[in-house]
$ cat target-v2.json   # JSON, C-alpha atoms and all ligand atoms
[["chain", "number", "residue", "atom", "x", "y", "z"],
["A", 256, "MET", "CA", -42.21, -22.10, -4.48],
["A", 257, "ARG", "CA", -42.79, -23.90, -1.19],
["A", 258, "ILE", "CA", -39.83, -23.67, 1.18],
["A", 259, "ASP", "CA", -41.44, -26.36, 3.28],
["A", 260, "GLY", "CA", -39.67, -29.65, 2.49],
["A", 261, "VAL", "CA", -37.18, -28.19, 0.03],
["A", 262, "ILE", "CA", -33.43, -28.85, -0.23],
["A", 263, "ALA", "CA", -31.43, -25.63, -0.41],
["A", 264, "VAL", "CA", -27.84, -24.59, -0.92],
["A", 265, "VAL", "CA", -26.57, -21.37, 0.66],
["A", 266, "THR", "CA", -23.06, -20.09, 0.01],
["A", 267, "GLY", "CA", -21.37, -17.66, 2.35],
["A", 268, "ALA", "CA", -23.29, -19.48, 5.07],
["A", 269, "GLY", "CA", -20.44, -19.23, 7.57],
["A", 270, "SER", "CA", -21.30, -15.62, 8.39],
["A", 271, "GLY", "CA", -23.71, -12.70, 8.17],
["A", 272, "ILE", "CA", -26.51, -12.81, 5.61],
["A", 273, "GLY", "CA", -25.80, -16.36, 4.38],
["A", 274, "ARG", "CA", -26.04, -17.77, 7.87],
["A", 275, "ALA", "CA", -29.27, -15.85, 8.55],
["A", 276, "VAL", "CA", -30.78, -17.13, 5.29],
["A", 277, "ALA", "CA", -29.94, -20.73, 6.23],
["A", 278, "GLU", "CA", -31.59, -20.23, 9.62],
["A", 279, "ALA", "CA", -34.68, -18.61, 8.08],
["A", 280, "LEU", "CA", -35.06, -21.46, 5.59],
["A", 281, "ALA", "CA", -35.04, -23.92, 8.48],
["A", 282, "GLN", "CA", -37.62, -21.87, 10.38],
["A", 283, "ARG", "CA", -39.85, -22.12, 7.31],
["A", 284, "GLY", "CA", -39.54, -25.90, 7.16],
["A", 285, "ALA", "CA", -36.77, -26.59, 4.62],
["A", 286, "ALA", "CA", -35.92, -30.30, 4.61],
["A", 287, "ALA", "CA", -32.18, -29.67, 4.35],
["A", 288, "VAL", "CA", -29.70, -26.86, 3.84],
["A", 289, "ALA", "CA", -26.23, -27.31, 2.38],
["A", 290, "LEU", "CA", -24.01, -24.68, 3.99],
["A", 291, "VAL", "CA", -20.99, -23.59, 1.95],
["A", 292, "ASP", "CA", -18.17, -21.27, 2.89],
["A", 293, "LEU", "CA", -14.46, -20.69, 2.49],
["A", 294, "ALA", "CA", -14.18, -20.38, 6.26],
["A", 295, "GLU", "CA", -14.08, -23.37, 8.61],
["A", 296, "ALA", "CA", -16.58, -21.46, 10.77],
["A", 297, "VAL", "CA", -19.29, -22.92, 8.56],
["A", 298, "ASN", "CA", -18.85, -26.24, 10.39],
["A", 299, "THR", "CA", -19.77, -24.56, 13.67],
["A", 300, "VAL", "CA", -22.74, -22.88, 11.98],
["A", 301, "ALA", "CA", -23.97, -26.30, 10.83],
["A", 302, "ASP", "CA", -23.65, -27.65, 14.38],
["A", 303, "GLU", "CA", -25.41, -24.65, 15.93],
["A", 304, "LEU", "CA", -28.26, -24.50, 13.42],
["A", 305, "GLY", "CA", -28.64, -28.28, 13.59],
["A", 306, "ALA", "CA", -28.90, -28.19, 17.39],
["A", 307, "ALA", "CA", -31.54, -25.43, 17.27],
["A", 308, "SER", "CA", -33.66, -26.95, 14.51],
["A", 309, "THR", "CA", -36.18, -29.73, 14.88],
["A", 310, "GLY", "CA", -36.81, -30.88, 11.32],
["A", 311, "THR", "CA", -34.10, -29.43, 9.08],
["A", 312, "LYS", "CA", -30.87, -31.27, 8.25],
["A", 313, "PHE", "CA", -27.71, -29.23, 7.85],
["A", 314, "ALA", "CA", -24.34, -30.17, 6.40],
["A", 315, "ALA", "CA", -21.32, -27.98, 5.79],
["A", 316, "TRP", "CA", -18.84, -27.86, 2.92],
["A", 317, "VAL", "CA", -15.64, -25.83, 3.22],
["A", 318, "GLY", "CA", -14.31, -24.56, -0.10],
["A", 319, "ASP", "CA", -14.06, -21.81, -2.66],
["A", 320, "THR", "CA", -17.24, -21.07, -4.60],
["A", 321, "THR", "CA", -15.17, -20.08, -7.65],
["A", 322, "ASP", "CA", -13.88, -23.67, -7.94],
["A", 323, "ALA", "CA", -16.07, -25.57, -10.45],
["A", 324, "GLY", "CA", -14.98, -28.98, -9.14],
["A", 325, "PHE", "CA", -15.91, -28.02, -5.59],
["A", 326, "ARG", "CA", -19.29, -26.71, -6.79],
["A", 327, "ALA", "CA", -20.10, -29.99, -8.58],
["A", 328, "ARG", "CA", -19.02, -32.00, -5.52],
["A", 329, "VAL", "CA", -21.32, -30.01, -3.23],
["A", 330, "PHE", "CA", -24.31, -30.65, -5.51],
["A", 331, "ASP", "CA", -23.41, -34.34, -5.92],
["A", 332, "GLU", "CA", -22.94, -34.92, -2.20],
["A", 333, "ALA", "CA", -25.95, -32.84, -1.14],
["A", 334, "ALA", "CA", -28.24, -34.81, -3.51],
["A", 335, "GLU", "CA", -26.94, -38.07, -2.08],
["A", 336, "ARG", "CA", -26.94, -37.03, 1.54],
["A", 337, "PHE", "CA", -30.36, -35.33, 1.50],
["A", 338, "ASP", "CA", -31.88, -37.77, -1.00],
["A", 339, "GLY", "CA", -33.15, -35.29, -3.58],
["A", 340, "LEU", "CA", -32.27, -32.42, -5.87],
["A", 341, "VAL", "CA", -31.35, -28.96, -4.64],
["A", 342, "ARG", "CA", -34.23, -26.67, -5.64],
["A", 343, "VAL", "CA", -33.36, -23.44, -3.82],
["A", 344, "CYS", "CA", -30.04, -21.68, -4.35],
["A", 345, "VAL", "CA", -28.93, -18.59, -2.46],
["A", 346, "PRO", "CA", -25.33, -17.91, -3.54],
["A", 347, "ALA", "CA", -24.57, -15.26, -0.92],
["A", 348, "ALA", "CA", -20.76, -15.54, -0.66],
["A", 349, "GLY", "CA", -19.28, -12.19, -1.53],
["A", 350, "ILE", "CA", -16.29, -9.92, -1.01],
["A", 351, "THR", "CA", -15.34, -6.27, -1.33],
["A", 352, "ARG", "CA", -12.11, -4.75, -2.57],
["A", 353, "ASP", "CA", -12.95, -1.07, -2.24],
["A", 354, "ARG", "CA", -10.97, 1.81, -3.66],
["A", 355, "LEU", "CA", -11.64, 4.81, -5.86],
["A", 356, "ALA", "CA", -11.63, 3.80, -9.53],
["A", 357, "VAL", "CA", -9.19, 6.51, -10.59],
["A", 358, "LYS", "CA", -6.70, 8.43, -8.49],
["A", 359, "VAL", "CA", -3.83, 10.68, -9.44],
["A", 360, "ASP", "CA", -0.51, 9.98, -7.81],
["A", 361, "ARG", "CA", 0.40, 13.00, -5.71],
["A", 362, "GLU", "CA", 4.10, 12.81, -6.44],
["A", 363, "THR", "CA", 4.20, 11.85, -10.12],
["A", 364, "GLY", "CA", 0.88, 13.34, -11.24],
["A", 365, "GLN", "CA", 0.22, 10.10, -13.12],
["A", 366, "PRO", "CA", -3.15, 8.31, -13.15],
["A", 367, "ASP", "CA", -3.43, 5.45, -10.68],
["A", 368, "LEU", "CA", -6.17, 3.02, -11.72],
["A", 369, "TYR", "CA", -7.99, 0.47, -9.60],
["A", 370, "SER", "CA", -6.14, -2.87, -9.63],
["A", 371, "ASP", "CA", -7.35, -5.12, -12.42],
["A", 372, "ALA", "CA", -6.40, -8.18, -10.36],
["A", 373, "ASP", "CA", -8.79, -7.01, -7.63],
["A", 374, "PHE", "CA", -11.47, -6.29, -10.22],
["A", 375, "ARG", "CA", -11.20, -9.82, -11.63],
["A", 376, "LEU", "CA", -11.25, -11.37, -8.16],
["A", 377, "VAL", "CA", -14.41, -9.52, -7.13],
["A", 378, "LEU", "CA", -15.97, -10.40, -10.48],
["A", 379, "ASP", "CA", -15.15, -14.08, -9.98],
["A", 380, "VAL", "CA", -16.49, -14.31, -6.44],
["A", 381, "ASN", "CA", -19.49, -11.95, -6.62],
["A", 382, "LEU", "CA", -20.79, -12.47, -10.15],
["A", 383, "THR", "CA", -19.38, -15.47, -12.02],
["A", 384, "ALA", "CA", -19.56, -17.89, -9.09],
["A", 385, "PRO", "CA", -23.14, -17.07, -7.98],
["A", 386, "VAL", "CA", -24.39, -17.37, -11.57],
["A", 387, "TYR", "CA", -22.65, -20.76, -11.98],
["A", 388, "TRP", "CA", -24.06, -22.05, -8.66],
["A", 389, "ALA", "CA", -27.52, -21.14, -9.96],
["A", 390, "MET", "CA", -26.82, -22.77, -13.34],
["A", 391, "GLU", "CA", -25.50, -25.90, -11.62],
["A", 392, "MET", "CA", -28.83, -26.27, -9.82],
["A", 393, "VAL", "CA", -30.92, -25.58, -12.92],
["A", 394, "GLY", "CA", -28.77, -27.91, -15.04],
["A", 395, "ARG", "CA", -29.40, -30.82, -12.70],
["A", 396, "ILE", "CA", -33.13, -30.13, -12.65],
["A", 397, "ALA", "CA", -33.18, -29.90, -16.45],
["A", 398, "ALA", "CA", -31.35, -33.23, -16.78],
["A", 399, "ASP", "CA", -33.69, -34.86, -14.28],
["A", 400, "ARG", "CA", -36.72, -33.62, -16.20],
["A", 401, "LYS", "CA", -35.30, -34.89, -19.48],
["A", 402, "LYS", "CA", -34.70, -38.31, -17.91],
["A", 403, "ALA", "CA", -38.33, -38.35, -16.79],
["A", 404, "GLY", "CA", -39.45, -37.56, -20.36],
["A", 405, "LEU", "CA", -40.69, -34.08, -19.42],
["A", 406, "LYS", "CA", -40.43, -31.24, -21.91],
["A", 407, "ALA", "CA", -41.48, -27.59, -21.46],
["A", 408, "TRP", "CA", -42.59, -26.90, -17.89],
["A", 409, "SER", "CA", -46.23, -26.04, -17.27],
["A", 410, "PRO", "CA", -47.61, -24.20, -14.22],
["A", 411, "ASP", "CA", -49.65, -27.16, -13.02],
["A", 412, "GLU", "CA", -46.39, -28.96, -12.22],
["A", 413, "GLY", "CA", -45.60, -26.34, -9.57],
["A", 414, "GLU", "CA", -42.41, -24.32, -9.52],
["A", 415, "GLN", "CA", -39.30, -26.48, -9.80],
["A", 416, "ALA", "CA", -36.54, -24.20, -8.50],
["A", 417, "ALA", "CA", -35.71, -20.70, -7.32],
["A", 418, "THR", "CA", -32.46, -18.77, -7.12],
["A", 419, "VAL", "CA", -32.15, -15.60, -5.09],
["A", 420, "PHE", "CA", -28.98, -13.65, -5.73],
["A", 421, "ILE", "CA", -27.76, -11.18, -3.13],
["A", 422, "GLY", "CA", -27.33, -7.87, -4.91],
["A", 423, "SER", "CA", -26.71, -4.59, -3.13],
["A", 424, "VAL", "CA", -27.73, -0.96, -3.04],
["A", 425, "SER", "CA", -24.28, -0.46, -4.58],
["A", 426, "SER", "CA", -25.64, -1.92, -7.83],
["A", 427, "ARG", "CA", -26.91, 1.63, -8.46],
["A", 428, "GLY", "CA", -23.37, 2.94, -8.04],
["A", 429, "ASN", "CA", -21.38, 3.72, -4.93],
["A", 430, "ARG", "CA", -18.20, 5.71, -4.56],
["A", 431, "GLY", "CA", -15.19, 3.49, -3.93],
["A", 432, "GLN", "CA", -16.93, 0.33, -5.14],
["A", 433, "VAL", "CA", -16.36, 0.19, -8.89],
["A", 434, "SER", "CA", -15.80, -3.59, -8.96],
["A", 435, "TYR", "CA", -18.36, -4.49, -6.30],
["A", 436, "ALA", "CA", -21.07, -2.28, -7.84],
["A", 437, "ALA", "CA", -20.43, -3.76, -11.29],
["A", 438, "THR", "CA", -20.83, -7.31, -10.00],
["A", 439, "LYS", "CA", -24.03, -6.55, -8.11],
["A", 440, "ALA", "CA", -25.56, -4.78, -11.12],
["A", 441, "GLY", "CA", -24.46, -7.74, -13.26],
["A", 442, "LEU", "CA", -26.53, -10.11, -11.14],
["A", 443, "VAL", "CA", -29.68, -8.28, -12.26],
["A", 444, "GLY", "CA", -29.04, -9.10, -15.92],
["A", 445, "ALA", "CA", -28.08, -12.66, -15.07],
["A", 446, "ALA", "CA", -31.23, -13.21, -12.99],
["A", 447, "ALA", "CA", -33.47, -11.87, -15.76],
["A", 448, "THR", "CA", -31.79, -14.11, -18.32],
["A", 449, "LEU", "CA", -31.84, -17.19, -16.09],
["A", 450, "THR", "CA", -35.56, -16.61, -15.54],
["A", 451, "GLN", "CA", -36.32, -16.21, -19.24],
["A", 452, "GLU", "CA", -34.39, -19.39, -20.08],
["A", 453, "GLY", "CA", -35.03, -21.29, -16.86],
["A", 454, "MET", "CA", -38.82, -21.22, -16.96],
["A", 455, "PHE", "CA", -38.58, -23.92, -19.65],
["A", 456, "HIS", "CA", -37.60, -26.10, -16.69],
["A", 457, "GLY", "CA", -39.76, -24.26, -14.11],
["A", 458, "ALA", "CA", -36.81, -22.40, -12.57],
["A", 459, "ARG", "CA", -36.91, -18.71, -11.61],
["A", 460, "ALA", "CA", -34.29, -16.24, -10.40],
["A", 461, "ALA", "CA", -34.58, -12.97, -8.49],
["A", 462, "VAL", "CA", -32.27, -10.52, -6.73],
["A", 463, "VAL", "CA", -32.61, -9.13, -3.22],
["A", 464, "HIS", "CA", -30.65, -5.90, -2.82],
["A", 465, "PRO", "CA", -29.72, -5.33, 0.83],
["A", 466, "GLY", "CA", -28.77, -1.97, 2.20],
["A", 467, "PHE", "CA", -26.12, -1.71, 4.89],
["A", 468, "THR", "CA", -26.64, -4.77, 7.05],
["A", 469, "ASP", "CA", -25.11, -5.60, 10.38],
["A", 470, "THR", "CA", -22.51, -8.20, 9.33],
["A", 471, "PRO", "CA", -18.73, -8.51, 9.65],
["A", 472, "MET", "CA", -18.42, -7.14, 6.07],
["A", 473, "VAL", "CA", -20.02, -3.86, 7.11],
["A", 474, "ARG", "CA", -18.53, -3.69, 10.61],
["A", 475, "ALA", "CA", -15.13, -3.87, 8.87],
["A", 476, "LEU", "CA", -15.85, -0.37, 7.51],
["A", 477, "GLY", "CA", -15.31, 0.95, 11.03],
["A", 478, "GLU", "CA", -17.75, 2.55, 13.45],
["A", 479, "ASP", "CA", -16.88, 6.13, 12.41],
["A", 480, "LEU", "CA", -17.61, 5.52, 8.75],
["A", 481, "ILE", "CA", -20.89, 3.79, 9.63],
["A", 482, "LYS", "CA", -21.90, 6.69, 11.90],
["A", 483, "ASP", "CA", -20.85, 9.49, 9.54],
["A", 484, "PHE", "CA", -21.52, 8.11, 6.05],
["A", 485, "VAL", "CA", -24.00, 5.27, 6.33],
["A", 486, "LEU", "CA", -26.60, 5.95, 9.00],
["A", 487, "PRO", "CA", -27.32, 9.60, 8.02],
["A", 488, "HIS", "CA", -28.42, 8.37, 4.56],
["A", 489, "THR", "CA", -30.55, 5.49, 5.84],
["A", 490, "HIS", "CA", -34.18, 6.20, 6.72],
["A", 491, "LEU", "CA", -34.07, 3.49, 9.37],
["A", 492, "LYS", "CA", -31.13, 5.26, 11.10],
["A", 493, "ARG", "CA", -29.69, 1.85, 11.98],
["A", 494, "LEU", "CA", -28.04, -1.04, 10.20],
["A", 495, "ILE", "CA", -30.44, -3.61, 8.81],
["A", 496, "ALA", "CA", -30.60, -6.88, 10.76],
["A", 497, "THR", "CA", -29.49, -10.01, 8.92],
["A", 498, "GLU", "CA", -32.85, -11.57, 9.83],
["A", 499, "GLU", "CA", -34.61, -8.80, 7.88],
["A", 500, "ILE", "CA", -32.62, -9.60, 4.75],
["A", 501, "ALA", "CA", -33.21, -13.32, 5.25],
["A", 502, "ASP", "CA", -36.93, -12.63, 5.52],
["A", 503, "ALA", "CA", -36.83, -10.74, 2.19],
["A", 504, "VAL", "CA", -34.91, -13.63, 0.60],
["A", 505, "CYS", "CA", -37.50, -16.14, 1.82],
["A", 506, "PHE", "CA", -40.27, -13.91, 0.47],
["A", 507, "ALA", "CA", -38.53, -13.82, -2.92],
["A", 508, "ILE", "CA", -38.23, -17.62, -2.88],
["A", 509, "GLY", "CA", -41.78, -18.23, -1.71],
["A", 510, "ASN", "CA", -43.63, -15.73, -3.89],
["A", 511, "ALA", "CA", -43.50, -17.02, -7.46],
["A", 512, "SER", "CA", -44.42, -13.63, -8.91],
["A", 513, "VAL", "CA", -41.09, -12.14, -7.81],
["A", 514, "SER", "CA", -38.69, -12.34, -10.72],
["A", 515, "GLY", "CA", -36.83, -9.06, -10.65],
["A", 516, "SER", "CA", -35.27, -6.97, -7.95],
["A", 517, "LEU", "CA", -36.48, -6.65, -4.39],
["A", 518, "TRP", "CA", -34.99, -3.78, -2.39],
["A", 519, "ALA", "CA", -34.39, -4.35, 1.31],
["A", 520, "ASP", "CA", -32.33, -1.21, 1.70],
["A", 521, "GLY", "CA", -33.64, 0.49, 4.83],
["A", 522, "GLY", "CA", -34.38, 3.57, 2.75],
["A", 523, "TRP", "CA", -30.81, 4.14, 1.59],
["A", 524, "GLN", "CA", -30.54, 7.54, -0.13],
["A", 525, "PRO", "CA", -26.88, 8.40, -0.50],
["A", 526, "ALA", "CA", -25.82, 11.98, -1.00],
["A", 527, "PRO", "CA", -24.93, 12.66, -4.66],
["A", 601, "LIG", "N1", -23.63, -6.58, 4.79],
["A", 601, "LIG", "C1", -24.17, -5.74, 3.92],
["A", 601, "LIG", "O1", -24.47, -4.58, 4.23],
["A", 601, "LIG", "C2", -24.46, -6.17, 2.51],
["A", 601, "LIG", "C3", -25.16, -5.28, 1.71],
["A", 601, "LIG", "C4", -25.45, -5.66, 0.41],
["A", 601, "LIG", "C5", -25.06, -6.89, -0.05],
["A", 601, "LIG", "N2", -24.36, -7.72, 0.74],
["A", 601, "LIG", "C6", -23.98, -9.02, 0.19],
["A", 601, "LIG", "O2", -24.45, -10.05, 1.03],
["A", 601, "LIG", "C7", -23.61, -11.19, 0.90],
["A", 601, "LIG", "C8", -23.15, -11.63, 2.27],
["A", 601, "LIG", "O3", -22.41, -10.59, 2.85],
["A", 601, "LIG", "P1", -22.22, -10.42, 4.42],
["A", 601, "LIG", "O4", -22.37, -9.00, 4.72],
["A", 601, "LIG", "O5", -23.00, -11.45, 5.13],
["A", 601, "LIG", "O6", -20.64, -10.71, 4.49],
["A", 601, "LIG", "P2", -19.79, -11.64, 5.44],
["A", 601, "LIG", "O7", -18.39, -11.22, 5.16],
["A", 601, "LIG", "O8", -20.31, -11.61, 6.83],
["A", 601, "LIG", "O9", -20.04, -13.09, 4.84],
["A", 601, "LIG", "C9", -19.59, -13.45, 3.57],
["A", 601, "LIG", "C10", -19.16, -14.90, 3.64],
["A", 601, "LIG", "O10", -18.76, -15.29, 2.32],
["A", 601, "LIG", "C11", -17.63, -16.14, 2.46],
["A", 601, "LIG", "N3", -16.88, -16.15, 1.21],
["A", 601, "LIG", "C12", -16.23, -15.11, 0.64],
["A", 601, "LIG", "N4", -15.64, -15.50, -0.48],
["A", 601, "LIG", "C13", -15.91, -16.83, -0.62],
["A", 601, "LIG", "C14", -15.57, -17.80, -1.59],
["A", 601, "LIG", "N5", -14.82, -17.50, -2.66],
["A", 601, "LIG", "N6", -16.02, -19.06, -1.42],
["A", 601, "LIG", "C15", -16.78, -19.38, -0.34],
["A", 601, "LIG", "N7", -17.13, -18.50, 0.59],
["A", 601, "LIG", "C16", -16.69, -17.24, 0.45],
["A", 601, "LIG", "C17", -16.85, -15.56, 3.61],
["A", 601, "LIG", "O11", -15.95, -16.51, 4.15],
["A", 601, "LIG", "C18", -17.94, -15.14, 4.56],
["A", 601, "LIG", "O12", -18.24, -16.15, 5.50],
["A", 601, "LIG", "C19", -22.46, -10.76, -0.02],
["A", 601, "LIG", "O13", -22.74, -11.17, -1.34],
["A", 601, "LIG", "C20", -22.50, -9.25, 0.07],
["A", 601, "LIG", "O14", -21.96, -8.64, -1.08],
["A", 601, "LIG", "C21", -24.05, -7.39, 2.02]]
$ encode --input "target-v2.json" --output "structure tokens"
Amino acid sequence: MRIDGVIAVVTGAGSGIGRAVAEALAQRGAAAVALVDLAEAVNTVADELGAASTGTKFAAWVGDTTDAGFRARVFDEAAERFDGLVRVCVPAAGITRDRLAVKVDRETGQPDLYSDADFRLVLDVNLTAPVYWAMEMVGRIAADRKKAGLKAWSPDEGEQAATVFIGSVSSRGNRGQVSYAATKAGLVGAAATLTQEGMFHGARAAVVHPGFTDTPMVRALGEDLIKDFVLPHTHLKRLIATEEIADAVCFAIGNASVSGSLWADGGWQPAP
């Protein structure tokens, strides 16, 4: 899949990995990047990336990725504004709601289970929404192909679309992250299924699994936790730079043979 000249949508683009992915796509010649985030900061990101880039157009949309109406509006407006279909989707918006799955209340001795409201929220933001953003893109490509009288895709047409989900090392399990880990592992099954079905339309999906990366999400853990529980288990002995994850994402987009999981984890080997 050529990044050069493509129209991309990146969610979570107001911060961290999403922002770095948007920047990396521009450096590799993307025609346009739709930047999506819940935070107004995404407007500033669009201005900054736009000022630094020569050829790439940027536009920002502020909204919640779990809102289906908002999602459809972004795709409608991006197609109109950038004069073409979105063919690269990196739905990077994500949240954590960390807590041990099961505790026992010290006073009552009763089990205290992880909040199911938090579980559903993390599921909505980290799994359901990214999968629907990918399906929104593929659906529009499928409809466009049908309109053009095209049936099953063939390789000589060139790849039509690529989704790269942002998984996590936590997809293998991580203490205190029962909801987060479940969503990130879920993306692997979704990507495999979207590839099996999507290749009828020439659309592929893959997952990049970052290790602990230097973003506000990780800095929120606190310096002590990073020093004592993260860095000792990371071969790199430092947090991963957002640019390194963005580079892995661009590799996964650009190399059509990548359809599964790509680990950009800095050698994360947590203690059992
Ligand atoms: N930082 C890491 O170490 C790390 C490791 C593995 C995976 N990840 C994943 O990478 C992705 C980006 O994380 P990050 O570290 O850059 O975090 P971040 O907090 O810096 O950025 C996440 C962005 O997503 C936005 N967002 C959250 N919920 C949203 C919603 N419902 N709608 C729209 N926007 C929403 C936030 O406003 C924020 O700007 C996430 O999916 C995260 O799970 C991060």
$ residues_near_ligand --input "target-v2.json" --ligand "ligand LIG 601 (chain A)" --cutoff "6 Å" --atoms "only C-alpha atoms and all ligand atoms" --output "ChimeraX atom specification"
/A:267,269-273,292-294,318-321,347-350,380,421-423,465-473
$ residues_around --input "target-v2.json" --residues "Asp302 (chain A)" --least-positions-apart "4" --cutoff "9 Å" --atoms "all atoms listed in the file" --output "ChimeraX atom specification"
/A:297-298,306-307,313-315
$ residues_around --input "target-v2.json" --residues "Cys505 (chain A)" --least-positions-apart "2" --cutoff "8 Å" --atoms "only C-alpha atoms" --output "ChimeraX atom specification"
/A:258,276,279-280,501-503,507-509
$ closest_residue --input "target-v2.json" --among "A:Leu304, A:Val264, A:Leu476, A:Ala389" --to "Gln282 (chain A)" --atoms "all atoms listed in the file"
A:Leu304
$ residues_around --input "target-v2.json" --residues "region 433-438 of chain A" --least-positions-apart "2" --cutoff "10 Å" --atoms "all atoms listed in the file" --output "JSON, numbers by chain"
{"A": [349, 350, 351, 352, 353, 354, 355, 356, 357, 369, 370, 371, 373, 374, 375, 376, 377, 378, 379, 380, 381, 382, 383, 422, 423, 424, 425, 426, 427, 428, 429, 430, 431, 440, 441, 442, 443]}
$ closest_residue --input "target-v2.json" --among "A:Val345, A:Ala511, A:Val462, A:Val359" --to "Pro385 (chain A)" --atoms "only C-alpha atoms"
A:Val345
$ closest_residue --input "target-v2.json" --among "A:Ala496, A:Leu340, A:Ala460, A:Val485" --to "Ser512 (chain A)" --atoms "only C-alpha atoms"
A:Ala460
$ closest_residue --input "target-v2.json" --among "A:Thr450, A:Gln415, A:Ser516, A:Thr299" --to "Val341 (chain A)" --atoms "only C-alpha atoms"
A:Gln415
$ closest_residue --input "target-v2.json" --among "A:Ala446, A:Ile262, A:Val513, A:Trp518" --to "Ala333 (chain A)" --atoms "only C-alpha atoms"
A:Ile262
$ closest_residue --input "target-v2.json" --among "A:Val261, A:Val291, A:Val300, A:Leu405" --to "Trp388 (chain A)" --atoms "only C-alpha atoms"
A:Val291
$ atom_distance --input "target-v2.json" --atom1 "CA of Val419 (chain A)" --atom2 "CA of Ala285 (chain A)"
15.4 Å
$ atom_distance --input "target-v2.json" --atom1 "CA of Ala398 (chain A)" --atom2 "CA of Gly284 (chain A)"
26.3 Å
$ atom_distance --input "target-v2.json" --atom1 "CA of Arg342 (chain A)" --atom2 "CA of Lys439 (chain A)"
22.7 Å
$ axis_aligned_box --input "target-v2.json" --around "region 384-392 of chain A" --padding-each-side "5 Å" --output "lines of an AutoDock Vina configuration file"
center_x = -24.2
center_y = -21.7
center_z = -10.7
size_x = 19.3
size_y = 19.2
size_z = 15.4
$ residues_around --input "target-v2.json" --residues "Ala458 (chain A)" --least-positions-apart "6" --cutoff "9 Å" --atoms "only C-alpha atoms" --output "list of chain:residue names"
A:Arg342, A:Val393, A:Ile396, A:Glu414, A:Gln415, A:Ala416, A:Ala417, A:Thr418, A:Leu449, A:Thr450, A:Glu452
$ decode --input "target-v2.json" --residues "region 266-280 of chain A" --atoms "N, CA and C atoms" --output "PDB file, in the first residue's frame"
ATOM      1  N   THR A 266      -7.400   8.476  14.468  1.00  0.00           N
ATOM      2  CA  THR A 266      -8.099   8.913  15.675  1.00  0.00           C
ATOM      3  C   THR A 266      -7.115   8.953  16.843  1.00  0.00           C
ATOM      4  N   GLY A 267      -7.474   9.720  17.853  1.00  0.00           N
ATOM      5  CA  GLY A 267      -6.537   9.928  18.954  1.00  0.00           C
ATOM      6  C   GLY A 267      -5.366  10.791  18.515  1.00  0.00           C
ATOM      7  N   ALA A 268      -5.593  11.579  17.465  1.00  0.00           N
ATOM      8  CA  ALA A 268      -4.501  12.336  16.841  1.00  0.00           C
ATOM      9  C   ALA A 268      -4.139  13.597  17.611  1.00  0.00           C
ATOM     10  N   GLY A 269      -4.883  13.874  18.676  1.00  0.00           N
ATOM     11  CA  GLY A 269      -4.579  15.083  19.459  1.00  0.00           C
ATOM     12  C   GLY A 269      -3.395  14.892  20.393  1.00  0.00           C
ATOM     13  N   SER A 270      -2.864  13.676  20.481  1.00  0.00           N
ATOM     14  CA  SER A 270      -1.830  13.414  21.484  1.00  0.00           C
ATOM     15  C   SER A 270      -1.017  12.188  21.084  1.00  0.00           C
ATOM     16  N   GLY A 271       0.114  12.026  21.742  1.00  0.00           N
ATOM     17  CA  GLY A 271       0.906  10.800  21.743  1.00  0.00           C
ATOM     18  C   GLY A 271       1.084  10.087  20.406  1.00  0.00           C
ATOM     19  N   ILE A 272       0.736   8.813  20.410  1.00  0.00           N
ATOM     20  CA  ILE A 272       0.989   7.952  19.247  1.00  0.00           C
ATOM     21  C   ILE A 272       0.182   8.405  18.027  1.00  0.00           C
ATOM     22  N   GLY A 273      -1.075   8.783  18.218  1.00  0.00           N
ATOM     23  CA  GLY A 273      -1.899   9.221  17.088  1.00  0.00           C
ATOM     24  C   GLY A 273      -1.289  10.423  16.389  1.00  0.00           C
ATOM     25  N   ARG A 274      -0.862  11.376  17.149  1.00  0.00           N
ATOM     26  CA  ARG A 274      -0.230  12.567  16.572  1.00  0.00           C
ATOM     27  C   ARG A 274       1.026  12.176  15.788  1.00  0.00           C
ATOM     28  N   ALA A 275       1.851  11.317  16.391  1.00  0.00           N
ATOM     29  CA  ALA A 275       3.100  10.909  15.730  1.00  0.00           C
ATOM     30  C   ALA A 275       2.811  10.149  14.438  1.00  0.00           C
ATOM     31  N   VAL A 276       1.746   9.351  14.433  1.00  0.00           N
ATOM     32  CA  VAL A 276       1.383   8.617  13.211  1.00  0.00           C
ATOM     33  C   VAL A 276       0.974   9.609  12.114  1.00  0.00           C
ATOM     34  N   ALA A 277       0.185  10.603  12.486  1.00  0.00           N
ATOM     35  CA  ALA A 277      -0.241  11.608  11.498  1.00  0.00           C
ATOM     36  C   ALA A 277       0.980  12.310  10.891  1.00  0.00           C
ATOM     37  N   GLU A 278       1.917  12.645  11.742  1.00  0.00           N
ATOM     38  CA  GLU A 278       3.133  13.337  11.286  1.00  0.00           C
ATOM     39  C   GLU A 278       3.950  12.421  10.357  1.00  0.00           C
ATOM     40  N   ALA A 279       4.065  11.155  10.750  1.00  0.00           N
ATOM     41  CA  ALA A 279       4.855  10.206   9.944  1.00  0.00           C
ATOM     42  C   ALA A 279       4.202   9.970   8.581  1.00  0.00           C
ATOM     43  N   LEU A 280       2.871   9.938   8.555  1.00  0.00           N
ATOM     44  CA  LEU A 280       2.176   9.755   7.267  1.00  0.00           C
ATOM     45  C   LEU A 280       2.473  10.938   6.345  1.00  0.00           C
TER      46      LEU A 280
END
